[in-house]
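Quick look at upload.csv (CSV, C-alpha atoms):
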```csv
chain,number,residue,atom,x,y,z
G,1,MET,CA,0.0,0.0,0.0
G,2,THR,CA,1.2,3.5,-0.7
G,3,THR,CA,1.6,5.9,2.2
G,4,ILE,CA,-1.1,8.4,3.1
G,5,GLY,CA,1.5,11.2,2.8
G,6,ARG,CA,2.1,10.7,-0.9
G,7,ASP,CA,0.5,13.3,-3.1
G,8,ALA,CA,1.0,12.0,-6.6
G,9,SER,CA,-2.6,11.1,-7.1
G,10,ASN,CA,-4.1,10.7,-10.7
G,11,TYR,CA,-7.7,11.4,-9.9
G,12,ALA,CA,-8.6,12.8,-13.3
G,13,TYR,CA,-7.1,9.8,-15.2
G,14,VAL,CA,-8.7,7.1,-13.1
G,15,ASN,CA,-12.1,8.8,-13.1
G,16,ALA,CA,-12.0,9.3,-16.9
G,17,ARG,CA,-11.5,5.5,-17.1
G,18,VAL,CA,-14.3,4.9,-14.6
G,19,ARG,CA,-16.8,7.0,-16.7
G,20,SER,CA,-16.4,4.5,-19.6
G,21,ARG,CA,-17.2,1.6,-17.2
G,22,TRP,CA,-20.4,3.3,-16.1
G,23,ALA,CA,-21.8,3.0,-19.6
G,24,ALA,CA,-21.6,-0.8,-19.4
G,25,LEU,CA,-23.7,-1.2,-16.3
G,26,LEU,CA,-27.1,-2.7,-16.7
G,27,ASP,CA,-30.2,-0.5,-16.6
G,28,GLU,CA,-33.7,-1.1,-15.5
G,29,GLU,CA,-34.8,-2.4,-18.8
G,30,ASP,CA,-32.0,-5.0,-18.8
G,31,TYR,CA,-33.2,-6.2,-15.3
G,32,ARG,CA,-36.7,-6.5,-16.6
G,33,THR,CA,-35.4,-8.6,-19.5
G,34,LEU,CA,-33.5,-10.9,-17.1
G,35,MET,CA,-36.5,-11.4,-14.9
G,36,ARG,CA,-38.3,-13.1,-17.8
G,37,MET,CA,-35.4,-15.6,-18.2
G,38,GLY,CA,-34.4,-18.8,-16.6
G,39,PRO,CA,-30.8,-19.3,-15.2
G,40,ALA,CA,-29.4,-20.7,-18.4
G,41,GLU,CA,-30.9,-17.9,-20.4
G,42,ILE,CA,-29.4,-15.4,-18.0
G,43,ALA,CA,-26.0,-16.9,-18.4
G,44,ARG,CA,-26.4,-16.6,-22.2
G,45,PHE,CA,-27.5,-12.9,-21.8
G,46,LEU,CA,-24.4,-12.2,-19.7
G,47,GLU,CA,-22.2,-13.9,-22.3
G,48,GLU,CA,-23.3,-11.3,-24.8
G,49,SER,CA,-22.4,-8.5,-22.3
G,50,GLU,CA,-19.2,-7.4,-20.6
G,51,TYR,CA,-19.3,-10.6,-18.6
G,52,GLN,CA,-18.4,-12.6,-21.7
G,53,THR,CA,-14.9,-13.4,-20.6
G,54,GLU,CA,-15.9,-14.8,-17.2
G,55,ILE,CA,-18.8,-16.8,-18.6
G,56,ASP,CA,-16.6,-18.3,-21.3
G,57,GLU,CA,-13.8,-19.2,-18.8
G,58,LEU,CA,-16.2,-20.9,-16.3
G,59,ALA,CA,-18.8,-22.5,-18.6
G,60,SER,CA,-16.9,-25.8,-18.9
G,61,ARG,CA,-17.1,-26.3,-15.1
G,62,HIS,CA,-20.4,-24.7,-14.0
G,63,THR,CA,-23.9,-24.3,-15.3
G,64,GLY,CA,-27.1,-22.4,-14.3
G,65,VAL,CA,-27.0,-20.2,-11.2
G,66,ASP,CA,-23.6,-21.5,-10.2
G,67,LEU,CA,-22.1,-20.2,-13.5
G,68,VAL,CA,-23.8,-16.9,-13.1
G,69,GLU,CA,-22.7,-16.4,-9.5
G,70,TYR,CA,-19.0,-17.3,-10.1
G,71,ALA,CA,-18.9,-15.1,-13.2
G,72,LEU,CA,-20.3,-12.2,-11.3
G,73,ASN,CA,-17.8,-12.5,-8.5
G,74,ARG,CA,-14.9,-12.9,-10.8
G,75,ASN,CA,-16.0,-9.9,-12.9
G,76,LEU,CA,-16.4,-7.7,-9.9
G,77,ALA,CA,-12.9,-8.6,-8.7
G,78,LYS,CA,-11.5,-7.8,-12.2
G,79,HIS,CA,-13.0,-4.3,-12.1
G,80,CYS,CA,-11.5,-3.6,-8.7
G,81,GLU,CA,-8.1,-4.9,-9.8
G,82,ASP,CA,-8.3,-2.5,-12.8
G,83,LEU,CA,-9.0,0.4,-10.5
G,84,LEU,CA,-5.9,-0.4,-8.4
G,85,SER,CA,-3.8,-0.9,-11.4
G,86,TRP,CA,-4.7,2.6,-12.7
G,87,ALA,CA,-4.4,4.5,-9.4
G,88,GLU,CA,-1.3,6.2,-8.1
G,89,GLY,CA,-0.2,7.9,-4.9
G,90,ARG,CA,-2.8,8.8,-2.4
G,91,MET,CA,-5.6,7.6,-4.6
G,92,ASP,CA,-4.0,4.1,-4.6
G,93,ASP,CA,-3.9,4.2,-0.8
G,94,LEU,CA,-7.5,5.3,-0.5
G,95,LEU,CA,-8.8,2.7,-2.9
G,96,THR,CA,-6.8,-0.1,-1.3
G,97,ARG,CA,-8.3,0.8,2.0
G,98,TYR,CA,-11.8,0.8,0.7
G,99,LEU,CA,-11.5,-2.4,-1.2
G,100,ARG,CA,-10.7,-4.2,2.0
G,101,LYS,CA,-14.5,-4.4,2.2
G,102,PHE,CA,-14.1,-7.5,0.1
G,103,ASP,CA,-11.8,-9.0,2.8
G,104,ALA,CA,-14.6,-8.4,5.3
G,105,TRP,CA,-17.0,-10.1,2.8
G,106,ASN,CA,-14.7,-13.1,2.5
G,107,VAL,CA,-14.3,-13.4,6.2
G,108,LYS,CA,-18.0,-13.4,6.7
G,109,THR,CA,-18.5,-15.8,3.8
G,110,ALA,CA,-16.0,-18.2,5.4
G,111,LEU,CA,-17.6,-17.9,8.9
G,112,ARG,CA,-21.1,-18.5,7.4
G,113,GLY,CA,-19.9,-21.4,5.3
G,114,VAL,CA,-18.2,-23.4,8.1
G,115,TYR,CA,-21.1,-22.5,10.5
G,116,SER,CA,-23.6,-24.0,8.0
G,117,GLU,CA,-21.2,-26.9,7.1
G,118,THR,CA,-20.9,-25.8,3.5
G,119,ASP,CA,-18.3,-27.7,1.5
G,120,ALA,CA,-14.9,-26.1,1.0
G,121,ALA,CA,-15.2,-25.8,-2.8
G,122,THR,CA,-18.4,-23.8,-2.5
G,123,ILE,CA,-17.0,-21.5,0.2
G,124,GLU,CA,-13.9,-20.8,-1.9
G,125,THR,CA,-15.8,-20.0,-5.1
G,126,ASP,CA,-17.9,-17.5,-3.2
G,127,PHE,CA,-14.9,-15.4,-2.3
G,128,ILE,CA,-14.4,-12.1,-4.1
G,129,ARG,CA,-10.7,-11.7,-4.7
G,130,ALA,CA,-10.5,-7.9,-4.6
G,131,GLY,CA,-9.1,-7.2,-1.2
G,132,GLU,CA,-5.7,-7.8,0.5
G,133,LEU,CA,-6.1,-11.3,1.9
G,134,ASP,CA,-3.8,-13.5,0.0
G,135,GLU,CA,-4.6,-16.8,-1.8
G,136,ARG,CA,-3.0,-18.8,1.0
G,137,THR,CA,-5.2,-17.3,3.6
G,138,LEU,CA,-8.3,-17.6,1.5
G,139,ALA,CA,-7.5,-21.3,0.8
G,140,GLN,CA,-7.0,-21.9,4.6
G,141,LEU,CA,-10.4,-20.2,5.3
G,142,GLY,CA,-12.0,-22.5,2.7
G,143,GLU,CA,-10.7,-25.6,4.4
G,144,VAL,CA,-11.3,-24.9,8.1
G,145,ASN,CA,-13.5,-27.4,10.1
G,146,ASP,CA,-15.1,-25.0,12.6
G,147,VAL,CA,-15.5,-21.3,13.4
G,148,GLY,CA,-12.7,-21.4,15.9
G,149,GLU,CA,-10.2,-22.5,13.3
G,150,ALA,CA,-11.4,-19.7,11.0
G,151,VAL,CA,-10.7,-17.2,13.8
G,152,ASP,CA,-7.3,-18.7,14.3
G,153,VAL,CA,-6.4,-18.4,10.5
G,154,LEU,CA,-7.2,-14.7,10.7
G,155,ALA,CA,-5.1,-14.0,13.9
G,156,ASP,CA,-2.5,-11.9,12.0
G,157,THR,CA,-4.9,-9.8,10.0
G,158,ILE,CA,-6.8,-6.7,10.9
G,159,PHE,CA,-9.7,-8.9,11.9
G,160,GLY,CA,-7.7,-11.1,14.3
G,161,GLU,CA,-8.1,-9.3,17.6
G,162,PRO,CA,-11.7,-8.2,17.1
G,163,LEU,CA,-12.8,-11.7,16.2
G,164,ALA,CA,-10.9,-13.2,19.1
G,165,ALA,CA,-12.5,-10.7,21.5
G,166,ALA,CA,-16.0,-11.6,20.0
G,167,TYR,CA,-15.5,-15.3,20.0
G,168,GLY,CA,-16.7,-15.8,23.6
G,169,ASP,CA,-20.0,-14.1,22.7
G,170,PHE,CA,-20.4,-16.4,19.7
G,171,GLU,CA,-19.9,-19.5,21.9
G,172,GLU,CA,-22.4,-18.2,24.4
G,173,SER,CA,-25.1,-17.2,21.9
G,174,GLY,CA,-24.4,-19.7,19.2
G,175,SER,CA,-25.0,-16.9,16.7
G,176,LEU,CA,-22.5,-15.5,14.2
G,177,VAL,CA,-23.8,-11.9,14.7
G,178,PRO,CA,-21.1,-11.0,17.2
G,179,LEU,CA,-18.3,-12.2,14.8
G,180,GLU,CA,-19.9,-10.6,11.8
G,181,ASN,CA,-20.3,-7.3,13.6
G,182,ALA,CA,-16.7,-7.5,14.8
G,183,THR,CA,-15.6,-8.0,11.2
G,184,ASP,CA,-17.4,-4.9,10.0
G,185,ARG,CA,-16.2,-2.8,12.8
G,186,ALA,CA,-12.6,-3.8,12.2
G,187,PHE,CA,-12.9,-2.9,8.6
G,188,TYR,CA,-14.3,0.6,9.2
G,189,GLU,CA,-11.8,1.2,12.1
G,190,HIS,CA,-8.8,0.6,9.9
G,191,LEU,CA,-10.4,2.3,6.9
G,192,LEU,CA,-10.4,5.6,8.7
G,193,LYS,CA,-7.2,5.2,10.7
G,194,GLY,CA,-4.9,8.1,10.3
G,195,LEU,CA,-7.2,10.1,8.0
G,196,GLY,CA,-8.7,12.5,10.5
G,197,ALA,CA,-5.9,15.1,10.2
G,198,ALA,CA,-5.6,15.0,6.4
G,199,THR,CA,-5.7,18.4,4.8
G,200,ASP,CA,-5.8,17.5,1.1
G,201,SER,CA,-9.2,17.7,-0.6
G,202,GLY,CA,-9.1,14.2,-2.1
G,203,THR,CA,-8.7,12.6,1.4
G,204,ARG,CA,-11.3,14.9,2.9
G,205,GLU,CA,-13.9,13.8,0.3
G,206,PHE,CA,-13.0,10.2,0.9
G,207,VAL,CA,-13.7,10.7,4.6
G,208,LYS,CA,-17.0,12.4,3.8
G,209,PHE,CA,-18.0,9.4,1.6
G,210,LEU,CA,-17.1,6.9,4.4
G,211,GLN,CA,-18.9,8.9,7.0
G,212,ALA,CA,-22.1,8.6,5.0
G,213,GLU,CA,-21.6,4.8,4.6
G,214,ILE,CA,-21.0,4.4,8.3
G,215,ASP,CA,-24.0,6.6,9.1
G,216,PHE,CA,-26.2,4.5,6.9
G,217,ARG,CA,-24.9,1.3,8.4
G,218,ASN,CA,-25.7,2.6,11.9
G,219,VAL,CA,-29.2,3.6,10.8
G,220,ARG,CA,-29.7,0.0,9.4
G,221,ASN,CA,-28.5,-1.5,12.7
G,222,ALA,CA,-30.7,0.8,14.8
G,223,PHE,CA,-33.9,-0.2,13.0
G,224,ARG,CA,-32.8,-3.9,13.0
G,225,LEU,CA,-32.3,-3.8,16.8
G,226,ALA,CA,-35.6,-1.9,17.4
G,227,ARG,CA,-37.5,-4.4,15.2
G,228,SER,CA,-35.9,-7.5,16.8
G,229,GLY,CA,-37.2,-6.9,20.3
G,230,ALA,CA,-34.2,-8.7,21.7
G,231,ASP,CA,-32.4,-7.6,24.8
G,232,LEU,CA,-29.2,-6.5,22.9
G,233,ASP,CA,-26.8,-3.7,23.7
G,234,PRO,CA,-26.9,-1.1,20.8
G,235,ALA,CA,-23.4,0.0,21.7
G,236,GLU,CA,-22.1,-3.4,20.5
G,237,TYR,CA,-23.5,-2.7,17.0
G,238,TYR,CA,-22.4,0.9,16.8
G,239,ILE,CA,-19.6,1.8,14.3
G,240,GLU,CA,-17.4,4.7,15.1
G,241,GLY,CA,-16.6,7.4,12.5
G,242,GLY,CA,-20.0,8.7,11.2
G,243,ARG,CA,-21.4,12.2,11.6
G,244,LEU,CA,-25.0,11.6,12.6
G,245,PHE,CA,-24.8,9.9,16.0
G,246,SER,CA,-22.6,9.3,18.9
G,247,ALA,CA,-22.9,5.8,20.5
G,248,SER,CA,-25.0,7.2,23.4
G,249,GLU,CA,-27.3,9.1,21.0
G,250,LEU,CA,-28.0,6.1,18.9
G,251,ASN,CA,-28.5,4.0,22.0
G,252,SER,CA,-31.2,6.4,23.2
G,253,LEU,CA,-33.0,6.4,19.8
G,254,VAL,CA,-33.1,2.7,19.2
G,255,GLY,CA,-36.5,2.3,21.0
G,256,GLN,CA,-37.8,5.6,19.8
G,257,ARG,CA,-38.9,5.0,16.2
G,258,ASP,CA,-40.6,8.3,15.6
G,259,GLU,CA,-37.8,10.4,17.1
G,260,LEU,CA,-35.2,8.5,15.0
G,261,ILE,CA,-37.2,9.1,11.8
G,262,THR,CA,-37.5,12.8,12.6
G,263,ARG,CA,-33.8,13.0,13.3
G,264,LEU,CA,-33.0,11.4,10.0
G,265,ARG,CA,-35.4,13.6,8.0
G,266,ASP,CA,-33.8,16.7,9.5
G,267,SER,CA,-30.3,15.5,8.8
G,268,SER,CA,-28.0,16.3,5.8
G,269,TYR,CA,-29.1,13.0,4.3
G,270,GLY,CA,-32.8,13.9,4.5
G,271,ASP,CA,-33.5,14.1,0.8
G,272,GLU,CA,-31.7,10.8,0.0
G,273,LEU,CA,-33.4,9.0,2.9
G,274,ASP,CA,-36.9,10.1,2.1
G,275,ALA,CA,-38.0,7.0,0.3
G,276,ALA,CA,-36.4,4.7,2.9
G,277,LEU,CA,-38.1,6.5,5.7
G,278,GLU,CA,-41.4,6.3,4.0
G,279,GLU,CA,-41.0,2.5,3.9
G,280,ILE,CA,-40.3,2.3,7.6
G,281,GLU,CA,-42.6,5.1,8.8
G,282,VAL,CA,-45.7,2.9,8.6
G,283,GLU,CA,-46.0,0.8,11.7
G,284,GLY,CA,-45.1,-2.7,10.7
G,285,GLY,CA,-43.5,-1.5,7.4
G,286,SER,CA,-41.2,-3.9,5.7
G,287,LEU,CA,-37.7,-3.9,7.1
G,288,ILE,CA,-36.4,-5.5,4.0
G,289,ALA,CA,-37.9,-2.8,1.8
G,290,PHE,CA,-36.5,-0.2,4.1
G,291,GLU,CA,-33.0,-1.7,3.8
G,292,HIS,CA,-33.2,-1.8,0.0
G,293,ALA,CA,-34.3,1.8,0.0
G,294,LEU,CA,-31.4,2.6,2.3
G,295,ASP,CA,-29.0,1.0,-0.2
G,296,ALA,CA,-30.5,3.0,-3.0
G,297,ALA,CA,-30.1,6.2,-0.8
G,298,LEU,CA,-26.4,5.4,-0.3
G,299,LEU,CA,-26.0,4.9,-4.1
G,300,SER,CA,-27.7,8.2,-4.7
G,301,TYR,CA,-25.6,10.0,-2.1
G,302,SER,CA,-22.4,8.6,-3.5
G,303,ASP,CA,-23.4,9.6,-7.0
G,304,HIS,CA,-24.1,13.1,-5.7
G,305,LEU,CA,-20.6,13.4,-4.1
G,306,SER,CA,-19.0,12.1,-7.3
G,307,HIS,CA,-20.5,15.0,-9.3
G,308,ILE,CA,-19.7,17.6,-6.7
G,309,PHE,CA,-16.1,16.4,-6.3
G,310,PRO,CA,-15.0,15.0,-9.7
G,311,LEU,CA,-11.3,15.4,-8.9
G,312,SER,CA,-11.4,13.1,-5.9
G,313,VAL,CA,-11.7,9.4,-5.2
G,314,CYS,CA,-15.5,9.7,-4.9
G,315,PRO,CA,-16.4,8.9,-8.6
G,316,ALA,CA,-14.3,5.6,-8.3
G,317,LEU,CA,-16.0,4.7,-5.0
G,318,ALA,CA,-19.4,5.4,-6.4
G,319,TYR,CA,-18.7,3.1,-9.3
G,320,VAL,CA,-17.6,0.3,-7.0
G,321,LEU,CA,-20.9,0.7,-5.1
G,322,ALA,CA,-22.9,0.7,-8.4
G,323,LYS,CA,-21.0,-2.4,-9.7
G,324,GLU,CA,-21.6,-4.2,-6.4
G,325,ARG,CA,-25.3,-3.4,-6.7
G,326,GLU,CA,-25.4,-4.7,-10.2
G,327,VAL,CA,-23.8,-8.0,-9.2
G,328,ASP,CA,-26.3,-8.3,-6.2
G,329,ASN,CA,-29.3,-7.6,-8.5
G,330,ILE,CA,-28.3,-10.1,-11.1
G,331,ARG,CA,-27.6,-12.7,-8.4
G,332,ALA,CA,-31.0,-12.0,-6.9
G,333,ILE,CA,-32.7,-12.4,-10.2
G,334,ALA,CA,-30.9,-15.7,-11.0
G,335,ARG,CA,-31.6,-17.2,-7.6
G,336,GLY,CA,-35.2,-16.0,-7.7
G,337,ARG,CA,-35.8,-17.5,-11.1
G,338,GLU,CA,-34.3,-20.8,-10.0
G,339,VAL,CA,-36.7,-21.2,-7.1
G,340,GLY,CA,-39.7,-20.0,-9.1
G,341,LEU,CA,-40.3,-16.6,-7.7
G,342,SER,CA,-42.6,-14.3,-9.7
G,343,GLU,CA,-41.3,-11.1,-11.4
G,344,GLU,CA,-43.0,-9.0,-8.7
G,345,GLU,CA,-41.3,-11.0,-5.9
G,346,ILE,CA,-37.9,-10.7,-7.5
G,347,GLU,CA,-38.4,-7.0,-8.1
G,348,GLU,CA,-38.8,-6.5,-4.4
G,349,GLU,CA,-35.2,-7.8,-3.9
G,350,LEU,CA,-33.6,-5.4,-6.4
G,351,VAL,CA,-32.1,-2.0,-5.7
G,352,ILE,CA,-32.5,0.3,-8.8
G,353,LEU,CA,-32.0,4.0,-8.8
```
Is it possible to give me this structure as structure tokens?
Amino acid sequence: MTTIGRDASNYAYVNARVRSRWAALLDEEDYRTLMRMGPAEIARFLEESEYQTEIDELASRHTGVDLVEYALNRNLAKHCEDLLSWAEGRMDDLLTRYLRKFDAWNVKTALRGVYSETDAATIETDFIRAGELDERTLAQLGEVNDVGEAVDVLADTIFGEPLAAAYGDFEESGSLVPLENATDRAFYEHLLKGLGAATDSGTREFVKFLQAEIDFRNVRNAFRLARSGADLDPAEYYIEGGRLFSASELNSLVGQRDELITRLRDSSYGDELDAALEEIEVEGGSLIAFEHALDAALLSYSDHLSHIFPLSVCPALAYVLAKEREVDNIRAIARGREVGLSEEEIEEELVIL
């Protein structure tokens, strides 16, 4: 990783390359076309798109939904690798930090896989190789026999200490939630480390982008906790680094739905969160619909920042979010078609701006 002190960033060059990638993203009409197809037809559709290379390389080993999912993961990793290959100086450092989110994804994938006794081959093919965990570590994670072994494999990574500290709660509860939460918190903690005093505009806008993502994650957790009714400590789910709430403020608002909604409507994210808050404002409103609307709000906010700060890392980060969402949408369509969901049911699972 480059050091945060380097100043030889090439924002304009990278973001010009990114703009050309936006044009290849699927639009709403493409999704509607996919929803009328079966898994094999979806794979053929993707073969005629920018996923062609991945489909062709994997078609001899996989079919149907498996082929689609593996191609999606590999394509996403390729685009992230391209970003890193283009970036220089501080932009390289900021992108490397952010793409550790896929390390967090892979850690949680491994934990969920071994917890549910999924076979090693399936776990490993679900990894998205776009972070910093090396092939040896990922291979070890795919082969562990229990959750404790997975925690041990990660001892020397940024996730090691947080996972070890949360392992007792996992053993006591039998739930992966403490370990998954520890993984997310470790990612965000290291993401922001050393950036608070940065004075260059590129880093300041990176921090602003991350603060929004953390705020939205805390909002999601607050409503999940409120809806669960379980006797859980909100402080254990709070992620430091956002702008909206302190840990104590969020703790006091978890059980106060109306007050929390008012606070969000009056915040700087009020316009972006309007649709999400409408979903949750009705008593008994769908939490899933709210979370999908929250994802759309974050996409909208990231796109907003990318237009305000074109000579920063924000356009590249907005593209990563949009590409992730495309992958998630295609995966949801393929899985939904495989199990026979209607177009209306599948559409509820999609996030489209």
Record the distance separating atom CA of Glu240 of chain G and atom CA of Phe309 of chain G, expressed in Å with one decimal.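 Atom CA of Phe309 of chain G lies 24.4 Å from atom CA of Glu240 of chain G.
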With all atoms listed in the file as the atoms that count, which of G:Leu350, G:Leu46, G:Leu84, G:Ala130 lies nearest to Leu72 of chain G?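 Of the candidates, the smallest distance to Leu72 of chain G is held by G:Leu46.
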Considering only C-alpha atoms, return as an MDAnalysis selection string whatever protein or nucleic-acid residues lie within 10 Å of Gly255 of chain G, sequence-local ones (same chain, fewer than 3 positions apart) excluded. chainID G and resid 222:223 225:227 229 250:252 258:260
For Asp82 of chain G, please output as a ChimeraX atom specification all residues within 12 Å (counting only C-alpha atoms; exclusion window: fewer than 2 positions along the same chain). /G:14-15,17-18,21,75-80,84-87,92,95-96,130,316,320
Give me, as a ChimeraX atom specification, all polymer residues having an atom no more than 9 Å from Asp303 of chain G, counting all atoms listed in the file and skipping those fewer than 5 positions away in the same chain. /G:298,308,314-315,318-319
Place a sphere of radius 12 Å on (-13.7, -10.3, -5.3) in the file coordinates and name every protein, DNA or RNA residue with an atom inside or on its surface, counting only C-alpha atoms; give the answer as an MDAnalysis selection string. chainID G and resid 69:81 99:107 109 124:135 138 320 323:324 327
Env of Glu236 of chain G: 9 Å cut, atoms = only C-alpha atoms, seq-sep filter 3 positions within chain, self excluded. Answer as a ChimeraX atom specification. /G:178,181-182,232-233,239
For atom CA of Ala186 of chain G and atom CA of Arg97 of chain G, the interatomic separation in Å (one decimal):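 It comes out at 12.0 Å.
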Nearest to Tyr13 of chain G among G:Phe170, G:Ala247, G:Ser49, G:Leu83, with distances taken over all atoms listed in the file: which residue is it?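 For Tyr13 of chain G, the nearest of the candidates is G:Leu83.
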Between G:Arg243, G:Arg136, G:Arg204, G:Arg257, which has the minimum distance to Arg224 of chain G (counting only C-alpha atoms)?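 Distance minimum relative to Arg224 of chain G lands on G:Arg257.
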Interatomic distance (Å, one decimal) between atom CA of Gln211 of chain G and atom CA of Leu191 of chain G: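 Taking atom CA of Gln211 of chain G and atom CA of Leu191 of chain G, their separation equals 10.8 Å.
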Considering only C-alpha atoms, return as a list in words whatever protein or nucleic-acid residues lie within 12 Å of segment 268-270 of chain G, sequence-local ones (same chain, fewer than 3 positions apart) excluded. Lys208, Phe209, Gln211, Ala212, Glu213, Asp215, Phe216, Val219, Arg243, Leu244, Ile261, Thr262, Arg263, Leu264, Arg265, Leu273, Asp274, Ala275, Ala276, Leu277, Glu278, Leu294, Ala297, Leu298, Ser300, Tyr301, Ser302, His304 and Leu305 of chain G
Have a look at G:Val147, G:Val351, G:Ile333, G:Val282 and name the one nearest to Arg36 of chain G; count all atoms listed in the file.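 Of all the options, G:Ile333 lies closest to Arg36 of chain G.
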Taking into account all atoms listed in the file, which residue in the set G:Asp156, G:Ala322, G:Ile42, G:Asp66 is nearest to Thr122 of chain G?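 Of the candidates, the smallest distance to Thr122 of chain G is held by G:Asp66.
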Compare G:Gly202, G:Gly174, G:Gly38, G:Pro234 by their minimum atom-to-atom distance to Glu249 of chain G, counting only C-alpha atoms, and give me the closest one.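 Looking only at the distances to Glu249 of chain G, the closest residue turns out to be G:Pro234.
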